[in-house]
Structure formats: structure tokens, C-alpha cells
$ cat data.cif   # mmCIF, C-alpha atoms
data_coords
#
loop_
_atom_site.label_atom_id
_atom_site.label_comp_id
_atom_site.auth_asym_id
_atom_site.auth_seq_id
_atom_site.Cartn_x
_atom_site.Cartn_y
_atom_site.Cartn_z
CA MET A 1 0.00 0.00 0.00
CA LEU A 2 1.27 3.44 -0.92
CA THR A 3 1.49 4.98 2.53
CA ARG A 4 3.83 7.68 1.18
CA LEU A 5 0.88 9.15 -0.74
CA ARG A 6 -1.60 9.74 2.08
CA LEU A 7 -2.95 12.78 0.29
CA ALA A 8 -6.07 14.87 0.60
CA ALA A 9 -8.90 14.19 -1.86
CA ALA A 10 -9.75 17.64 -3.16
CA ALA A 11 -11.15 19.32 -6.23
CA LEU A 12 -8.68 21.75 -7.79
CA ALA A 13 -9.21 24.31 -10.53
CA VAL A 14 -6.30 26.62 -11.28
CA VAL A 15 -6.25 29.45 -13.81
CA LEU A 16 -2.92 31.18 -14.39
CA THR A 17 -4.49 34.53 -13.55
CA GLY A 18 -6.49 33.14 -10.64
CA THR A 19 -5.97 31.28 -7.38
CA LEU A 20 -5.83 27.69 -6.20
CA ALA A 21 -9.17 26.37 -4.99
CA MET A 22 -9.15 23.27 -2.84
CA GLY A 23 -12.05 21.21 -1.56
CA PRO A 24 -12.28 19.59 1.87
CA ALA A 25 -9.66 16.95 2.55
CA SER A 26 -10.71 13.39 3.30
CA ALA A 27 -7.32 12.28 4.62
CA GLU A 28 -4.23 13.77 6.15
CA PRO A 29 -1.84 15.02 3.43
CA LEU A 30 1.66 13.65 3.27
CA ARG A 31 4.26 15.64 5.18
CA ILE A 32 7.73 14.64 4.00
CA ASP A 33 10.45 16.27 6.09
CA ILE A 34 12.74 17.67 3.41
CA THR A 35 14.99 19.53 5.83
CA ARG A 36 17.12 16.60 6.94
CA GLY A 37 18.39 13.25 5.81
CA HIS A 38 18.80 11.62 2.43
CA MET A 39 15.49 10.12 1.35
CA LYS A 40 14.72 7.80 -1.54
CA PRO A 41 13.01 9.66 -4.41
CA LEU A 42 9.40 8.72 -5.17
CA PRO A 43 8.97 6.85 -8.50
CA ILE A 44 6.43 8.77 -10.58
CA ALA A 45 5.17 8.12 -14.12
CA ILE A 46 4.62 11.25 -16.22
CA PRO A 47 3.24 10.35 -19.67
CA ASP A 48 2.81 13.02 -22.35
CA LEU A 49 -0.40 14.96 -22.01
CA PHE A 50 -2.87 13.63 -24.58
CA GLY A 51 -3.90 15.80 -27.52
CA ASN A 52 -6.38 15.25 -30.34
CA SER A 53 -4.32 17.20 -32.88
CA PRO A 54 -0.61 17.28 -33.79
CA GLN A 55 -0.32 20.74 -32.16
CA GLU A 56 -1.95 19.58 -28.95
CA SER A 57 0.16 16.42 -28.86
CA GLN A 58 3.39 18.38 -29.30
CA VAL A 59 2.50 20.81 -26.51
CA GLY A 60 1.49 17.85 -24.35
CA ARG A 61 4.95 16.32 -24.83
CA ASP A 62 6.64 19.62 -24.04
CA VAL A 63 4.62 20.13 -20.84
CA ALA A 64 5.33 16.60 -19.60
CA ARG A 65 9.06 17.12 -20.17
CA VAL A 66 9.04 20.29 -18.03
CA VAL A 67 7.06 18.60 -15.23
CA ALA A 68 9.44 15.64 -15.13
CA ALA A 69 12.55 17.85 -15.15
CA ASP A 70 11.24 20.08 -12.34
CA LEU A 71 10.31 17.19 -10.09
CA GLU A 72 13.55 15.30 -10.75
CA ARG A 73 15.65 18.37 -9.91
CA SER A 74 13.93 18.64 -6.54
CA GLY A 75 15.58 15.36 -5.54
CA LEU A 76 12.29 14.07 -4.11
CA PHE A 77 10.94 12.41 -7.25
CA LYS A 78 12.25 9.87 -9.75
CA PRO A 79 10.40 10.18 -13.08
CA ILE A 80 10.25 6.78 -14.80
CA ASP A 81 11.63 6.52 -18.34
CA GLN A 82 8.70 6.72 -20.76
CA ARG A 83 10.14 3.83 -22.77
CA ALA A 84 9.10 1.53 -19.91
CA PHE A 85 5.42 2.54 -20.13
CA ILE A 86 3.00 -0.25 -21.07
CA GLN A 87 -0.29 1.66 -21.29
CA THR A 88 -0.35 4.26 -24.07
CA THR A 89 -1.25 7.90 -23.55
CA ALA A 90 -4.40 7.48 -25.65
CA ALA A 91 -5.54 4.40 -23.71
CA LEU A 92 -4.87 6.19 -20.44
CA GLN A 93 -7.68 8.66 -21.19
CA ALA A 94 -10.19 5.88 -20.45
CA GLY A 95 -8.56 5.39 -17.06
CA PRO A 96 -5.33 3.89 -15.71
CA ARG A 97 -4.65 0.17 -15.96
CA PHE A 98 -3.00 0.11 -12.56
CA ALA A 99 -1.44 -3.32 -13.03
CA ASP A 100 0.55 -1.93 -15.97
CA TRP A 101 1.91 0.92 -13.85
CA ARG A 102 2.64 -1.30 -10.85
CA GLN A 103 4.64 -3.56 -13.14
CA ILE A 104 7.11 -0.72 -13.81
CA ASN A 105 7.18 0.20 -10.09
CA ALA A 106 5.39 3.55 -10.45
CA GLU A 107 3.96 4.75 -7.15
CA ALA A 108 2.30 7.86 -8.56
CA LEU A 109 0.91 8.56 -12.03
CA VAL A 110 0.06 11.77 -13.86
CA GLN A 111 -2.70 11.67 -16.47
CA GLY A 112 -3.21 14.79 -18.58
CA LEU A 113 -5.14 16.28 -21.48
CA MET A 114 -4.13 19.25 -23.65
CA GLN A 115 -6.87 21.20 -25.49
CA VAL A 116 -6.64 24.20 -27.81
CA GLN A 117 -9.84 26.22 -27.49
CA PRO A 118 -11.77 27.59 -30.52
CA ASP A 119 -10.64 31.15 -29.69
CA GLY A 120 -6.96 30.13 -29.56
CA GLY A 121 -6.73 29.78 -25.81
CA VAL A 122 -5.28 26.66 -24.23
CA ARG A 123 -6.55 24.45 -21.41
CA VAL A 124 -4.69 21.69 -19.58
CA GLU A 125 -6.39 19.11 -17.37
CA PHE A 126 -4.52 16.57 -15.29
CA HIS A 127 -5.08 13.97 -12.60
CA LEU A 128 -2.73 12.52 -10.03
CA TRP A 129 -3.15 8.85 -9.16
CA ASP A 130 -2.03 6.64 -6.28
CA VAL A 131 -1.06 3.54 -8.26
CA PHE A 132 -0.95 0.95 -5.47
CA ASN A 133 -4.19 2.08 -3.84
CA GLU A 134 -5.79 2.61 -7.26
CA GLN A 135 -7.15 5.95 -6.12
CA GLN A 136 -7.22 9.36 -7.68
CA ILE A 137 -5.47 11.97 -5.58
CA GLY A 138 -7.91 14.84 -5.83
CA LEU A 139 -10.86 15.17 -8.18
CA GLY A 140 -9.04 16.79 -11.07
CA MET A 141 -6.93 19.86 -11.76
CA ALA A 142 -6.98 22.39 -14.61
CA PHE A 143 -4.98 25.33 -15.90
CA SER A 144 -6.10 27.72 -18.63
CA LEU A 145 -4.47 30.48 -20.59
CA PRO A 146 -6.36 32.96 -22.80
CA ALA A 147 -5.57 33.37 -26.50
CA LYS A 148 -3.92 36.74 -25.95
CA ALA A 149 -1.43 35.30 -23.47
CA VAL A 150 -0.72 32.31 -25.73
CA ALA A 151 0.02 34.64 -28.67
CA ALA A 152 2.30 36.82 -26.53
CA ASP A 153 4.47 33.98 -25.22
CA ARG A 154 5.64 31.23 -27.56
CA ASN A 155 6.95 29.31 -24.54
CA TYR A 156 3.66 29.50 -22.65
CA TRP A 157 3.71 25.72 -22.20
CA ARG A 158 6.65 26.05 -19.83
CA ARG A 159 4.43 27.85 -17.32
CA PHE A 160 1.89 25.04 -17.60
CA GLY A 161 4.62 22.56 -16.75
CA HIS A 162 5.93 24.59 -13.81
CA LYS A 163 2.40 25.09 -12.43
CA ILE A 164 1.63 21.38 -12.66
CA ALA A 165 4.95 20.49 -11.00
CA ASP A 166 4.23 22.99 -8.20
CA THR A 167 0.84 21.40 -7.59
CA ILE A 168 2.23 17.85 -7.50
CA TYR A 169 5.09 18.94 -5.22
CA LYS A 170 2.71 20.55 -2.76
CA ARG A 171 0.26 17.67 -2.69
CA ILE A 172 2.98 15.11 -1.96
CA THR A 173 5.35 17.06 0.30
CA GLY A 174 2.93 19.41 2.03
CA GLU A 175 5.27 22.30 1.11
CA ASP A 176 4.62 25.01 -1.45
CA GLY A 177 6.32 24.49 -4.78
CA TYR A 178 8.98 26.78 -6.23
CA PHE A 179 9.12 25.88 -9.93
CA ASP A 180 7.07 28.75 -11.38
CA THR A 181 9.71 31.30 -10.41
CA ARG A 182 12.63 33.21 -11.92
CA LEU A 183 16.24 33.93 -11.05
CA VAL A 184 17.91 37.25 -11.73
CA TYR A 185 21.71 37.21 -11.60
CA ILE A 186 24.93 38.78 -12.86
CA SER A 187 26.15 37.28 -16.13
CA GLU A 188 29.95 37.44 -16.41
CA SER A 189 32.41 37.11 -19.27
CA GLY A 190 36.08 37.88 -19.86
CA PRO A 191 39.19 37.37 -17.69
CA LYS A 192 38.90 37.83 -13.95
CA ASN A 193 40.83 41.09 -14.02
CA ASP A 194 38.55 42.58 -16.71
CA ARG A 195 35.07 41.12 -16.26
CA LYS A 196 32.06 42.28 -18.26
CA LYS A 197 29.01 42.02 -16.02
CA ARG A 198 25.43 42.18 -17.23
CA LEU A 199 22.14 41.84 -15.42
CA ALA A 200 20.25 38.75 -16.68
CA ILE A 201 17.05 36.90 -15.87
CA MET A 202 15.78 33.38 -16.54
CA ASP A 203 13.31 30.80 -15.29
CA GLN A 204 14.54 28.85 -12.26
CA ASP A 205 15.50 25.96 -14.55
CA GLY A 206 17.72 28.18 -16.73
CA GLU A 207 15.25 28.52 -19.62
CA ASN A 208 13.83 31.73 -21.15
CA HIS A 209 17.13 33.50 -20.57
CA ARG A 210 17.53 37.18 -21.45
CA PHE A 211 19.83 40.07 -20.61
CA LEU A 212 18.49 43.17 -18.86
CA THR A 213 21.53 45.46 -19.20
CA SER A 214 24.10 46.00 -21.93
CA GLY A 215 27.28 45.50 -19.91
CA ASP A 216 28.55 49.03 -20.51
CA ASP A 217 28.51 49.68 -16.75
CA LEU A 218 29.49 47.30 -13.96
CA VAL A 219 26.39 45.89 -12.21
CA LEU A 220 26.20 43.96 -8.93
CA THR A 221 23.89 42.31 -6.37
CA PRO A 222 20.35 42.33 -7.80
CA ARG A 223 17.50 41.88 -5.31
CA PHE A 224 13.88 40.93 -6.02
CA SER A 225 10.95 42.87 -4.68
CA PRO A 226 8.11 40.93 -3.00
CA THR A 227 6.00 41.98 -6.01
CA GLU A 228 8.19 39.71 -8.23
CA ASN A 229 8.31 42.20 -11.09
CA GLU A 230 10.74 44.75 -9.62
CA ILE A 231 14.38 44.52 -8.64
CA THR A 232 17.05 46.73 -7.14
CA TYR A 233 20.64 46.50 -8.30
CA MET A 234 23.89 48.44 -8.15
CA SER A 235 25.47 50.02 -11.19
CA TYR A 236 28.82 51.80 -11.24
CA TYR A 237 28.37 54.81 -13.48
CA LYS A 238 31.74 56.56 -14.02
CA GLY A 239 33.00 54.81 -10.91
CA THR A 240 30.14 55.98 -8.66
CA PRO A 241 27.83 53.31 -7.19
CA ARG A 242 24.21 54.01 -8.02
CA VAL A 243 21.19 51.97 -7.00
CA TYR A 244 18.38 51.51 -9.51
CA LEU A 245 14.86 50.15 -9.36
CA LEU A 246 14.03 48.19 -12.51
CA GLN A 247 10.58 47.07 -13.69
CA ILE A 248 11.38 43.76 -15.36
CA ASP A 249 8.53 43.51 -17.87
CA THR A 250 8.59 47.14 -19.01
CA ALA A 251 12.38 47.70 -18.60
CA ARG A 252 11.53 51.01 -16.90
CA ARG A 253 14.50 52.06 -14.78
CA GLU A 254 14.41 54.53 -11.90
CA LEU A 255 17.38 55.91 -9.97
CA LEU A 256 17.05 55.27 -6.26
CA GLY A 257 20.15 57.29 -5.46
CA ASP A 258 23.94 57.69 -5.51
CA PHE A 259 25.52 55.84 -2.61
CA PRO A 260 29.32 56.26 -2.38
CA GLY A 261 30.84 53.54 -0.21
CA MET A 262 28.00 51.07 -0.76
CA THR A 263 29.11 47.51 -1.54
CA PHE A 264 25.75 45.65 -1.72
CA ALA A 265 22.42 46.71 -3.21
CA PRO A 266 19.59 47.28 -0.72
CA ARG A 267 17.13 44.54 0.22
CA PHE A 268 13.38 45.09 0.17
CA SER A 269 11.14 44.90 3.20
CA PRO A 270 8.51 42.13 2.95
CA ASP A 271 5.80 44.65 2.01
CA GLY A 272 7.99 46.19 -0.68
CA ASN A 273 7.61 49.71 0.72
CA LYS A 274 11.10 50.07 2.21
CA VAL A 275 14.65 48.96 1.59
CA VAL A 276 17.42 48.35 4.09
CA MET A 277 21.07 48.96 3.23
CA SER A 278 24.55 49.61 4.55
CA LEU A 279 26.16 52.98 3.82
CA ALA A 280 29.65 54.29 4.54
CA GLN A 281 29.36 57.87 5.73
CA ASP A 282 31.96 59.90 7.63
CA GLY A 283 34.32 56.93 7.50
CA ASN A 284 31.93 54.51 9.18
CA THR A 285 29.60 51.87 7.72
CA GLU A 286 26.15 51.73 9.29
CA ILE A 287 22.76 50.27 8.41
CA TYR A 288 20.00 52.51 7.11
CA GLU A 289 16.39 52.11 6.14
CA MET A 290 14.85 54.04 3.22
CA ASN A 291 11.15 54.66 2.60
CA LEU A 292 10.61 54.15 -1.14
CA MET A 293 7.70 56.58 -1.24
CA THR A 294 9.42 59.52 0.45
CA ARG A 295 13.07 58.54 -0.24
CA GLN A 296 13.79 59.46 3.38
CA LYS A 297 16.58 57.53 5.13
CA ARG A 298 16.68 56.48 8.77
CA ARG A 299 19.85 55.30 10.51
CA LEU A 300 19.38 52.02 12.40
CA THR A 301 22.84 51.24 13.82
CA ASN A 302 25.35 53.46 15.57
CA HIS A 303 28.62 51.68 16.24
CA PRO A 304 32.28 52.29 15.27
CA ALA A 305 32.45 48.79 13.74
CA ILE A 306 31.45 47.88 10.17
CA ASP A 307 27.75 46.91 10.03
CA THR A 308 26.59 45.57 6.67
CA SER A 309 24.45 43.07 4.66
CA PRO A 310 21.09 43.63 6.39
CA SER A 311 18.04 41.44 5.65
CA PHE A 312 14.49 41.72 7.03
CA SER A 313 12.65 38.89 8.74
CA PRO A 314 9.43 37.96 6.84
CA ASP A 315 7.28 39.74 9.45
CA SER A 316 9.48 42.90 9.23
CA ALA A 317 9.96 42.83 13.00
CA ARG A 318 13.71 42.07 12.95
CA ILE A 319 16.80 42.52 10.81
CA VAL A 320 19.80 40.22 10.54
CA PHE A 321 23.18 41.70 9.56
CA ASN A 322 26.88 41.03 9.88
CA SER A 323 29.33 43.12 11.87
CA ASP A 324 32.88 43.01 13.19
CA ARG A 325 31.90 44.78 16.39
CA GLY A 326 32.92 41.69 18.37
CA GLY A 327 36.39 41.62 16.80
CA ALA A 328 35.55 39.29 13.89
CA GLN A 329 32.87 39.20 11.23
CA GLN A 330 29.78 37.64 12.85
CA LEU A 331 25.99 37.64 12.50
CA TYR A 332 23.71 39.81 14.62
CA VAL A 333 19.96 40.28 14.92
CA MET A 334 18.21 43.49 15.96
CA ASP A 335 14.70 44.89 16.07
CA SER A 336 13.66 46.71 12.90
CA ASP A 337 14.10 50.07 14.68
CA GLY A 338 17.72 49.22 15.54
CA GLY A 339 17.14 48.17 19.15
CA ASN A 340 17.96 44.96 21.02
CA VAL A 341 21.07 43.97 19.08
CA SER A 342 22.28 40.46 19.84
CA ARG A 343 24.96 38.22 18.35
CA ILE A 344 23.75 34.86 17.02
CA SER A 345 26.83 33.23 15.38
CA PHE A 346 29.45 31.66 17.63
CA GLY A 347 31.05 28.96 15.47
CA ASP A 348 34.61 28.93 14.18
CA GLY A 349 35.30 31.21 11.24
CA ARG A 350 33.73 34.39 9.87
CA TYR A 351 30.12 34.86 8.74
CA ALA A 352 28.67 37.11 6.03
CA THR A 353 25.72 37.81 3.65
CA PRO A 354 22.90 36.62 5.93
CA VAL A 355 19.44 36.23 4.36
CA TRP A 356 16.28 35.48 6.31
CA SER A 357 14.16 32.57 5.04
CA PRO A 358 10.68 33.45 3.66
CA ARG A 359 9.29 31.05 6.28
CA GLY A 360 11.13 32.86 9.09
CA ASP A 361 12.56 29.66 10.56
CA LEU A 362 16.13 29.90 9.24
CA ILE A 363 18.84 32.35 8.25
CA ALA A 364 21.19 31.45 5.38
CA PHE A 365 24.75 32.76 5.34
CA THR A 366 28.22 32.53 3.82
CA LYS A 367 30.93 31.21 6.12
CA MET A 368 34.71 31.48 5.74
CA LYS A 369 36.86 28.99 7.64
CA GLY A 370 40.25 27.40 7.07
CA GLY A 371 40.70 28.88 3.61
CA GLU A 372 37.36 27.54 2.37
CA PHE A 373 33.91 29.03 1.90
CA PHE A 374 30.60 27.45 2.93
CA ILE A 375 26.89 28.07 2.47
CA GLY A 376 25.02 27.30 5.67
CA VAL A 377 21.85 27.89 7.65
CA MET A 378 21.04 28.45 11.30
CA ARG A 379 17.98 29.29 13.34
CA PRO A 380 17.34 32.97 14.18
CA ASP A 381 18.68 32.40 17.69
CA GLY A 382 21.93 30.95 16.25
CA SER A 383 21.18 27.32 17.09
CA ASP A 384 21.25 24.30 14.78
CA GLU A 385 23.96 25.56 12.40
CA ARG A 386 24.33 23.34 9.33
CA LEU A 387 26.69 23.69 6.37
CA LEU A 388 25.15 22.71 3.03
CA ALA A 389 27.77 23.50 0.37
CA GLN A 390 31.46 24.31 0.25
CA GLY A 391 34.19 25.23 -2.21
CA TYR A 392 37.10 27.48 -3.09
CA LEU A 393 34.60 30.36 -3.14
CA VAL A 394 30.86 29.90 -2.56
CA GLU A 395 28.81 32.95 -1.76
CA GLY A 396 25.55 34.86 -2.01
CA PRO A 397 22.74 32.54 -0.81
CA THR A 398 19.20 33.41 -1.90
CA TRP A 399 16.02 31.59 -0.89
CA ALA A 400 13.39 29.96 -3.08
CA PRO A 401 9.96 31.28 -2.04
CA ASN A 402 9.09 28.04 -0.21
CA GLY A 403 12.11 28.44 2.09
CA ARG A 404 13.39 24.93 1.43
CA VAL A 405 15.87 25.46 -1.42
CA LEU A 406 18.76 27.90 -1.81
CA SER A 407 20.59 29.24 -4.84
CA PHE A 408 24.18 30.53 -4.64
CA TRP A 409 27.23 30.94 -6.82
CA LYS A 410 30.46 28.99 -6.82
CA GLU A 411 33.79 30.22 -8.18
CA THR A 412 36.82 28.12 -9.10
CA GLN A 413 40.38 29.41 -8.79
CA SER A 414 42.01 31.30 -11.67
CA ASP A 415 45.70 31.83 -12.40
CA ASP A 416 47.67 35.00 -11.66
CA ARG A 417 46.55 36.45 -15.01
CA GLY A 418 42.88 35.92 -14.22
CA ARG A 419 42.52 32.93 -16.54
CA GLY A 420 40.95 29.53 -15.97
CA GLY A 421 38.50 30.35 -13.17
CA THR A 422 34.74 30.02 -13.58
CA SER A 423 31.69 31.31 -11.73
CA LYS A 424 28.55 29.16 -11.87
CA LEU A 425 25.12 29.18 -10.24
CA TYR A 426 23.91 26.29 -8.10
CA THR A 427 20.93 25.23 -6.01
CA VAL A 428 20.92 23.06 -2.90
CA ASP A 429 18.09 21.90 -0.65
CA LEU A 430 18.17 21.94 3.12
CA THR A 431 19.37 18.35 3.31
CA GLY A 432 22.60 19.39 1.60
CA PHE A 433 22.44 16.22 -0.54
CA ASN A 434 20.80 17.68 -3.64
CA GLU A 435 23.21 20.22 -5.10
CA ARG A 436 22.56 21.07 -8.77
CA GLN A 437 24.16 23.46 -11.23
CA VAL A 438 21.86 25.93 -13.00
CA VAL A 439 23.21 26.11 -16.54
CA THR A 440 23.69 29.64 -17.91
CA PRO A 441 25.07 30.84 -21.28
CA LEU A 442 28.07 32.50 -19.61
CA ASP A 443 29.48 32.57 -16.09
CA GLY A 444 27.15 33.77 -13.37
CA SER A 445 27.15 35.22 -9.85
CA ASP A 446 24.93 37.04 -7.33
CA PRO A 447 21.64 35.16 -7.91
CA ALA A 448 18.34 36.42 -6.49
CA TRP A 449 15.23 34.21 -6.43
CA SER A 450 11.83 35.66 -7.27
CA PRO A 451 8.56 35.02 -5.47
CA LEU A 452 6.10 32.70 -7.21
CA ILE A 453 4.86 34.29 -10.43
CA PRO A 454 1.20 35.40 -10.08
#
$ encode --input "data.cif" --output "C-alpha cells"
Amino acid sequence: MLTRLRLAAAALAVVLTGTLAMGPASAEPLRIDITRGHMKPLPIAIPDLFGNSPQESQVGRDVARVVAADLERSGLFKPIDQRAFIQTTAALQAGPRFADWRQINAEALVQGLMQVQPDGGVRVEFHLWDVFNEQQIGLGMAFSLPAKAVAADRNYWRRFGHKIADTIYKRITGEDGYFDTRLVYISESGPKNDRKKRLAIMDQDGENHRFLTSGDDLVLTPRFSPTENEITYMSYYKGTPRVYLLQIDTARRELLGDFPGMTFAPRFSPDGNKVVMSLAQDGNTEIYEMNLMTRQKRRLTNHPAIDTSPSFSPDSARIVFNSDRGGAQQLYVMDSDGGNVSRISFGDGRYATPVWSPRGDLIAFTKMKGGEFFIGVMRPDGSDERLLAQGYLVEGPTWAPNGRVLSFWKETQSDDRGRGGTSKLYTVDLTGFNERQVVTPLDGSDPAWSPLIP
């Protein structure tokens, strides 16, 4: 019996512009703890979505490929090779022959239908089945996209695949998915002593890649807004660091200000109305908050040490930052008004670039110890420190919106002329066992993960 799929029976109808509707559950949903341990991936069969025309069939194949790739990359699922399938996609529309799927050791099965509407819109229906219990998991799920959206995006089927994968992930793990998201990052080319850096954006799986800046000016440290469609980043114009707000879809750029001495772009508050940053003024680096409506700054720290890299907690009540006020670079937490400062890191080595998890339960960081760099997490009180990735240089953790996966960048060593080194983007889950490279056209650094796309 498939005890790993104790899932709620619920009716689902999802429209890309709408919300997820779920009926009353008849059983406790599965809660897989994905924060620790190395678990065996769940075997899942993902046939092509059935279509009645060549166009529908092709899109159905494309969607199934995206779903399988997303779930496999999570490390929690093992899509079964389609060449092992016994029941055909067409025959599956009359209902699963469960004995055929048990024979190839599938524990879960996806059954889907792709339909092009008379007006040019597209609708996808799919069902998730518990193979060993011969039960449907939920009463059916659907996504639709209007003709206008289909015409505007030739890769619209990718969003279908990501949405389906998110739904399956949530139903089986109990956690929100993270596949229908984007990564913005710094694309790099050229020798290390003369790098060309451009702002770039792509889907979380590396697809739909495009550049957002020309590379004429050095750009650094992009940060996503909670609205998903806006980012801040630093650009060095004639050697002066400037911070810009960029609307991704419209490419509208707005100058936030000139900030001499700034080394990292600001981070947004959870409501998107403020940013928090470190500024060097009068020879001292302190943390400031800026209201994006009024452009007024407020100083939050007042200490002769270097205070930098602030990040809000998801409820905006606290801020984590790093400081050398204790003699070495360590992590500190304070109230959002600057009060009640307390140190939370006490391990060997130095700590930097802290980022609060969207769930609020963990803080990610970069750690430097013994000539190596690490990506790690700890609880907001500093307990339960765990190191997830390491290398010659690993840096810049950023959270997926479900708070269970991190992206970061890893650099290899170059020679004394700046040749031979590479910078690549990676993801790792909280077990530390599922590290994956995100393939980009050129080298990459400074990733920032978007919220789920509306």
C-alpha cells in the first residue's frame, strides 16, 4: 500500500491569472520532512499529455518534459523513463490500468489532457493517481491560458509545466512548490581582471534566458521585490555606485540614489515599501532604512564597527546583519528600529551575507573557515547551524519562495593572469544532498530568487 501518498482528496481548478481552490480533505496530506536526511526519491510516471491534434500532442509532450525535469531536480521524485510505459497515452484517457503501472514500479501517475480552445486559448487538465491504492489523488486539476497570453508567449507551455509540478510537489510534500519562479543574476564574461558584467534573468531551470543590461557599466547584487516584477541593483556609473529600481517587464529604470561607499544593493522589506542597506558615511559603515515613497533615510545602527548586509525577517519585525563589532565578522539580529542587538553566530570562522528565510525559521549565510567558503543555515537564535555547500569560493545565498531550497554561486580558482576560473550558479536543498548546477550561457554570480509568479 502506498502509505507515502496519504494525500487529501480535493477538487482543484487553477487558472494562471487566478488562485488555487481546494475542496475539503478526506485524509491527512503527506508531510515529508525535506529539511534533513537523504530520502529515496518517489517513483512517478509522467506520460505526455494527450492531444487530439498534432499541435496539442506536441505541446502535451513539451509540458510533460518540463514537469518531469522540475520534479527530478527537486531530488524528491524519480520520473520513470517513458520507454518503460506499457499503457499508451491514448488508452490512459479511459482510465489507468493500474497493473501496468505497478509492473514498472510507479507509485504515482500523472494523467493529462491538452486542449486548444476555438478562440486560440489553451486548457490543460490533469489527474494525479495513487497507483498501489488505485485511487485518484484529488478530483481533477486544470490550468487555462487565454488566446492573448498564448500569442504573446511562444513558450507559454513552460508555465503550464511549472504550475503542474508545483501542484504535485505541494500535494505530496505538504510544502509550497517553487518551480514557477525566476532567477535574476549577474552574467559574467572575460578574464577575472577585466570582467564584463550584465544583469540577466531566466526561469529557475535556466530557460527563457535574457539580458536586462548592456554591460557598458558594472552591475552587482540584484534583489527581487516581493511583487516579483521589480528589482534593485547596483550600477557603477563613471566609478560611482548608483542603486536603480528596474521594472522587469517594461524595462523602466528609476534611480534610487547615488551611494558612495555602498558595496551591496539594498534589500526590500517584505511589504515592498522600504529597503534596508549599509552605507559608509563619515568613514563609518552603518545600516540605514529608506522609505521608497518619500526617499527618506533612517539610521538604524550606531557603532564604530562595520555593520553591513542587512536582511528583514518575513514579518518585518527584525533585521539580521553582519558586523565586526565583536572583533571578527559575525551575524547579529536586531529589532527593525535598531534596538535589542544580539549576536547569534558563535562557530569557528567568519560569517557574512545573511538572508532570512521566507518562512522565518532559518537564516542562510556565507561562512569562511580554514581557507574555504561554505553556504550554511542556522535558526534565528543561532542554534542548529548546518553547512550545506562548500568550495574554493561559494557565496551569495538566496532563498526559493518556499524556504526549502537555496541558490548561490560557486567560483573556481584562476591563475595569476585571471585565466581559468569560472563562476557558476547552483541550487541546494536543506538536506545538503541535492546540489545542482543551474546552466547559464556564460558565467554567473549574485543570484536572487523571485517570489512565485502570479
$ residues_around --input "data.cif" --residues "range 325-333 of chain A" --least-positions-apart "5" --cutoff "9 Å" --atoms "all atoms listed in the file" --output "JSON, numbers by chain"
{"A": [303, 304, 305, 306, 307, 318, 319, 320, 340, 341, 342, 343, 344, 345, 346, 349, 350, 351, 352, 353, 354, 365, 380, 381, 382]}
$ closest_residue --input "data.cif" --among "A:Asp130, A:Glu125, A:Asp415, A:Glu395" --to "Ser445 in chain A" --atoms "only C-alpha atoms"
A:Glu395
$ residues_near_point --input "data.cif" --point "(3.5, 25.6, -27.0)" --cutoff "9 Å" --atoms "all atoms listed in the file" --output "PyMOL selection string"
chain A and resi 55-56+58-60+62-63+150+153-158
$ resolve_selection --input "data.cif" --expression "the PyMOL selection byres ((chain A and resi 103) around 12)" --output "ChimeraX atom specification"
/A:45,80,84-87,97-102,104-107,131-132
$ resolve_selection --input "data.cif" --expression "the PyMOL selection byres ((chain A and resi 432) around 12)" --output "ChimeraX atom specification"
/A:34-39,74-75,374-377,386-390,404-407,426-431,433-436
$ residues_around --input "data.cif" --residues "Asp166 in chain A" --least-positions-apart "4" --cutoff "10 Å" --atoms "only C-alpha atoms" --output "ChimeraX atom specification"
/A:67,70-71,160-162,170-171,175-180,452
$ axis_aligned_box --input "data.cif" --around "range 406-412 of chain A" --padding-each-side "4 Å" --output "lines of an AutoDock Vina configuration file"
center_x = 27.8
center_y = 29.4
center_z = -5.5
size_x = 26.1
size_y = 11.0
size_z = 15.3
$ closest_residue --input "data.cif" --among "A:Asp81, A:Asp205, A:Asp443, A:Glu72" --to "Pro41 in chain A" --atoms "only C-alpha atoms"
A:Glu72
$ residues_near_point --input "data.cif" --point "(11.6, 59.9, -1.8)" --cutoff "12 Å" --atoms "all atoms listed in the file" --output "PDB file with C-alpha atoms, in the frame of the given file"
ATOM      1  CA  GLU A 254      14.410  54.530 -11.900  1.00  0.00           C
ATOM      2  CA  LEU A 255      17.380  55.910  -9.970  1.00  0.00           C
ATOM      3  CA  LEU A 256      17.050  55.270  -6.260  1.00  0.00           C
ATOM      4  CA  GLY A 257      20.150  57.290  -5.460  1.00  0.00           C
ATOM      5  CA  ASN A 273       7.610  49.710   0.720  1.00  0.00           C
ATOM      6  CA  LYS A 274      11.100  50.070   2.210  1.00  0.00           C
ATOM      7  CA  VAL A 275      14.650  48.960   1.590  1.00  0.00           C
ATOM      8  CA  MET A 290      14.850  54.040   3.220  1.00  0.00           C
ATOM      9  CA  ASN A 291      11.150  54.660   2.600  1.00  0.00           C
ATOM     10  CA  LEU A 292      10.610  54.150  -1.140  1.00  0.00           C
ATOM     11  CA  MET A 293       7.700  56.580  -1.240  1.00  0.00           C
ATOM     12  CA  THR A 294       9.420  59.520   0.450  1.00  0.00           C
ATOM     13  CA  ARG A 295      13.070  58.540  -0.240  1.00  0.00           C
ATOM     14  CA  GLN A 296      13.790  59.460   3.380  1.00  0.00           C
ATOM     15  CA  LYS A 297      16.580  57.530   5.130  1.00  0.00           C
TER      16      LYS A 297
END
$ atom_distance --input "data.cif" --atom1 "CA of Arg210 in chain A" --atom2 "CA of Ile248 in chain A"
10.9 Å
$ resolve_selection --input "data.cif" --expression "the PyMOL selection byres ((chain A and resi 287) around 8)" --output "MDAnalysis selection string"
chainID A and resid 276:279 285:286 288:289 299:301 307:308 310
$ atom_distance --input "data.cif" --atom1 "CA of Arg73 in chain A" --atom2 "CA of Val438 in chain A"
10.3 Å
$ closest_residue --input "data.cif" --among "A:Leu220, A:Ala280, A:Ala151, A:Val243" --to "Gly396 in chain A" --atoms "all atoms listed in the file"
A:Leu220
$ closest_residue --input "data.cif" --among "A:Trp356, A:Phe373, A:Phe408, A:Phe50" --to "Arg123 in chain A" --atoms "all atoms listed in the file"
A:Phe50
$ atom_distance --input "data.cif" --atom1 "CA of Ile46 in chain A" --atom2 "CA of Gln111 in chain A"
7.3 Å
$ residues_around --input "data.cif" --residues "Gly360 in chain A" --least-positions-apart "5" --cutoff "8 Å" --atoms "only C-alpha atoms" --output "PDB file with C-alpha atoms, in the frame of the given file"
ATOM      1  CA  SER A 313      12.650  38.890   8.740  1.00  0.00           C
ATOM      2  CA  PRO A 314       9.430  37.960   6.840  1.00  0.00           C
ATOM      3  CA  ASP A 315       7.280  39.740   9.450  1.00  0.00           C
TER       4      ASP A 315
END
